[in-house]
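**Q** Structure in structure tokens, see below.
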Amino acid sequence: SGDWSGFDCDVVCVSFALVSIMSFEVVKNIIILASDGTRICSKYYGAQAQLTNEAQREWEKKLFSKTQNTSSSIILLDNDIVVYRTVSDVYFYVSGHPDENEVMLEAILGALCDTLGFSLKETPIEHRSLLEHYDLVLLTLDELVDEGLIFETDAKTIDSRMVLGLEDEGLAAIPKALPLSDQQQQELQRTINKVSTGLAGQLKQFAANWN
């Protein structure tokens, strides 16, 4: 009750609607599994974040079992709506409330896959590459969803923001280590041995002079 005569009813209704939407998480979880059902990465939000690791993994096992041999891209599992996509040997899942618009969940799923494609550049999206670039996977998830609420769904925007963040932290300029050939490994080992021998001789000389 009260005097609402000074308020615009449309504005009040919209405000209450926004508060209602923001009062609970839109996304319940984002899960990435390998082709054998093992977890690559997962993030849970809201009540699901309070589940034990065992309970979460059991849910992932059930999720993988339900989607392994189906042609659909959306299912209802344990009163959750789940959209998913397979890329190479990786399964991507985004789940939300049963009354959530699946188009919005699909937008998150698409942004996740597209952003990883931009971030990995020439490297294909697959189990191994995601493990090797696990930091980029976590950054992507953080830029997509915050506490279960959609933060951004434009892949190019997310990728640009991630690059800026890495540059601010001084990480973007760090070159990735390249595998050494057998000859390079032998040369490196000879150099290490030479330096070690020289240091050992200097230490012995220092000890003799000290005594």
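Starting from 1 in every chain, residues are counted up; chains themselves are A, B, ... following the order of the structure tokens, and ligands are numbered from 1 as listed.
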Region 69-158 of chain A: which residues are strand (DSSP E) by DSSP, as a list in words?
**A**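 Here is the list: Ile74, Ile75, Leu76, Leu77, Asp80, Ile81, Val82, Val83, Tyr84, Arg85, Thr86, Val87, Val90, Tyr91, Phe92, Tyr93, Val94, Ser95, Gly96, Val145, Asp146, Leu149 and Ile150 of chain A.
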**Q** Which residues are close to region 137-154 of chain A, i.e. within 7 Å by only C-alpha atoms, leaving aside same-chain residues fewer than 3 positions away? Reply as a ChimeraX atom specification.
**A** /A:25-28,45-46,107-108,111-112,130,133-134,157-158
**Q** Next, the residues of the selection above should be written as a CSV table (one decimal), in the first residue's frame with all heavy atoms.
**A**
chain,number,residue,atom,x,y,z
A,25,GLU,N,20.4,-16.4,-10.9
A,25,GLU,CA,21.3,-16.6,-12.0
A,25,GLU,C,20.6,-17.1,-13.2
A,25,GLU,O,19.6,-17.9,-13.1
A,25,GLU,CB,22.4,-17.6,-11.6
A,25,GLU,CG,21.9,-19.0,-11.4
A,25,GLU,CD,21.3,-19.3,-10.0
A,25,GLU,OE1,21.3,-18.3,-9.2
A,25,GLU,OE2,21.0,-20.4,-9.8
A,26,VAL,N,21.0,-16.6,-14.4
A,26,VAL,CA,20.4,-17.1,-15.7
A,26,VAL,C,21.1,-18.4,-16.1
A,26,VAL,O,20.4,-19.3,-16.5
A,26,VAL,CB,20.6,-16.0,-16.8
A,26,VAL,CG1,20.2,-16.5,-18.1
A,26,VAL,CG2,19.9,-14.7,-16.4
A,27,VAL,N,22.4,-18.5,-15.8
A,27,VAL,CA,23.1,-19.7,-16.2
A,27,VAL,C,23.4,-20.5,-14.9
A,27,VAL,O,23.9,-19.9,-13.9
A,27,VAL,CB,24.5,-19.3,-16.9
A,27,VAL,CG1,25.3,-20.5,-17.2
A,27,VAL,CG2,24.2,-18.5,-18.1
A,28,LYS,N,23.2,-21.8,-15.0
A,28,LYS,CA,23.5,-22.6,-13.8
A,28,LYS,C,24.9,-23.2,-13.9
A,28,LYS,O,25.5,-23.3,-12.8
A,28,LYS,CB,22.5,-23.8,-13.7
A,28,LYS,CG,21.1,-23.3,-13.3
A,28,LYS,CD,20.2,-24.6,-12.9
A,28,LYS,CE,19.0,-24.2,-12.3
A,28,LYS,NZ,18.2,-25.4,-11.8
A,45,TYR,N,27.3,-22.1,-10.9
A,45,TYR,CA,26.8,-20.8,-10.3
A,45,TYR,C,25.6,-21.0,-9.4
A,45,TYR,O,24.9,-22.0,-9.6
A,45,TYR,CB,26.5,-19.8,-11.4
A,45,TYR,CG,27.5,-19.7,-12.5
A,45,TYR,CD1,27.5,-20.4,-13.7
A,45,TYR,CD2,28.6,-18.8,-12.3
A,45,TYR,CE1,28.5,-20.2,-14.7
A,45,TYR,CE2,29.6,-18.7,-13.3
A,45,TYR,CZ,29.5,-19.4,-14.4
A,45,TYR,OH,30.5,-19.3,-15.4
A,46,GLY,N,25.4,-20.1,-8.5
A,46,GLY,CA,24.3,-20.2,-7.6
A,46,GLY,C,24.3,-21.4,-6.7
A,46,GLY,O,25.3,-21.8,-6.2
A,107,ALA,N,23.2,-18.4,-27.3
A,107,ALA,CA,24.1,-17.2,-27.6
A,107,ALA,C,25.4,-17.3,-26.7
A,107,ALA,O,26.5,-17.0,-27.2
A,107,ALA,CB,23.4,-15.9,-27.3
A,108,ILE,N,25.2,-17.8,-25.5
A,108,ILE,CA,26.4,-18.0,-24.6
A,108,ILE,C,27.3,-19.1,-25.2
A,108,ILE,O,28.5,-19.0,-25.2
A,108,ILE,CB,26.0,-18.3,-23.2
A,108,ILE,CG1,25.1,-17.1,-22.6
A,108,ILE,CG2,27.2,-18.5,-22.3
A,108,ILE,CD1,24.5,-17.4,-21.3
A,111,ALA,N,29.1,-17.9,-28.2
A,111,ALA,CA,30.2,-17.0,-27.9
A,111,ALA,C,31.3,-17.7,-27.3
A,111,ALA,O,32.5,-17.3,-27.5
A,111,ALA,CB,29.6,-15.9,-26.9
A,112,LEU,N,31.1,-18.7,-26.5
A,112,LEU,CA,32.2,-19.5,-25.9
A,112,LEU,C,33.0,-20.2,-27.0
A,112,LEU,O,34.3,-20.0,-27.0
A,112,LEU,CB,31.6,-20.6,-25.0
A,112,LEU,CG,32.5,-21.6,-24.4
A,112,LEU,CD1,33.6,-21.0,-23.6
A,112,LEU,CD2,31.8,-22.6,-23.6
A,130,LEU,N,42.9,-27.1,-25.5
A,130,LEU,CA,42.3,-26.5,-24.4
A,130,LEU,C,43.0,-26.7,-23.1
A,130,LEU,O,43.1,-25.8,-22.3
A,130,LEU,CB,40.8,-27.0,-24.2
A,130,LEU,CG,39.9,-26.7,-25.4
A,130,LEU,CD1,38.5,-27.2,-25.0
A,130,LEU,CD2,39.9,-25.2,-25.7
A,133,HIS,N,46.0,-24.4,-23.2
A,133,HIS,CA,45.7,-23.0,-23.1
A,133,HIS,C,44.6,-22.8,-22.0
A,133,HIS,O,43.6,-22.1,-22.2
A,133,HIS,CB,45.2,-22.4,-24.4
A,133,HIS,CG,46.3,-22.4,-25.5
A,133,HIS,ND1,46.5,-23.5,-26.2
A,133,HIS,CD2,47.2,-21.5,-25.9
A,133,HIS,CE1,47.5,-23.3,-27.1
A,133,HIS,NE2,48.0,-22.1,-26.9
A,134,TYR,N,44.7,-23.5,-20.9
A,134,TYR,CA,43.7,-23.5,-19.9
A,134,TYR,C,43.4,-22.1,-19.3
A,134,TYR,O,42.2,-21.8,-19.0
A,134,TYR,CB,44.1,-24.5,-18.8
A,134,TYR,CG,43.0,-24.9,-17.8
A,134,TYR,CD1,42.0,-25.8,-18.3
A,134,TYR,CD2,42.9,-24.3,-16.6
A,134,TYR,CE1,41.0,-26.2,-17.4
A,134,TYR,CE2,41.8,-24.7,-15.7
A,134,TYR,CZ,40.9,-25.7,-16.1
A,134,TYR,OH,39.9,-26.0,-15.3
A,157,THR,N,34.2,-8.9,-29.0
A,157,THR,CA,34.4,-8.0,-27.9
A,157,THR,C,35.1,-8.7,-26.7
A,157,THR,O,36.0,-8.1,-26.1
A,157,THR,CB,33.0,-7.5,-27.4
A,157,THR,OG1,32.4,-6.8,-28.4
A,157,THR,CG2,33.2,-6.6,-26.2
A,158,ILE,N,34.7,-9.9,-26.5
A,158,ILE,CA,35.3,-10.7,-25.4
A,158,ILE,C,36.8,-10.9,-25.7
A,158,ILE,O,37.7,-10.8,-24.8
A,158,ILE,CB,34.6,-12.1,-25.2
A,158,ILE,CG1,33.2,-11.9,-24.8
A,158,ILE,CG2,35.4,-13.0,-24.2
A,158,ILE,CD1,32.3,-13.1,-24.8
**Q** Quick one, how far is CA of Leu33 (chain A) from CA of Arg57 (chain A)?
**A** 10.7 Å
**Q** For a quick check of understanding, using only C-alpha atoms, which of A:Lys156, A:His97, A:Lys61, A:Arg85 has the smallest distance to Phe118 (chain A)?
**A**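 Among A:Lys156, A:His97, A:Lys61, A:Arg85, it is A:Lys156 that comes nearest to Phe118 (chain A).
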**Q** I need the residues of region 24-178 of chain A that end up classed as helix (DSSP H, G or I) by DSSP on the backbone, written out as number ranges by chain.
**A** A: 46-50, 53-67, 102-120, 127-132, 134-144, 155-168
**Q** Taking only C-alpha atoms into account, name the residue in A:Asn101, A:Thr86, A:Asn53, A:Ser160 that is nearest to Ser35 (chain A).
**A**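 For Ser35 (chain A), the nearest of the candidates is A:Thr86.
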**Q** Can you tell me how far CA of Tyr44 (chain A) sits from CA of Ser95 (chain A), in Å to one decimal?
**A**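 These atoms are spaced 9.7 Å apart.
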**Q** Can you pull out every residue within 12 Å of Ser129 (chain A), counting only C-alpha atoms, but drop anything in the same chain fewer than 4 positions away, and send it as a list in words?
**A**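 Listing them by chain and then by number gives Ala34, Ile40, Ser88, Asp89, Val90, Leu116, Gly117, Ser119, Leu120, Lys121, Glu122, Thr123, Pro124, Ile125, His133, Tyr134, Asp135, Leu136 and Val137 of chain A.
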**Q** Taking only C-alpha atoms into account, which of A:Ala49, A:Glu106, A:Asp99, A:Phe92 comes nearest Asn79 (chain A)?
**A** A:Asp99
**Q** Report, in Å with one decimal, the straight-line distance from CA of Glu60 (chain A) to CA of Asp159 (chain A).
**A**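 Interatomic distance, CA of Glu60 (chain A) to CA of Asp159 (chain A): 27.4 Å.
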**Q** Near Thr67 (chain A), within 12 Å and counting only C-alpha atoms, which residues show up once chain neighbours fewer than 2 positions away are dropped, as a list in words?
**A**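 These residues fall inside the cut-off: Leu33, Ser35, Gly37, Glu60, Lys61, Lys62, Leu63, Phe64, Ser65, Asn69, Thr70, Ser71, Ser72, Ser73, Ile74, Ile75, Leu76, Leu77, Val82, Val83, Tyr84, Arg85, Thr86, Tyr91, Phe92 and Tyr93 of chain A.
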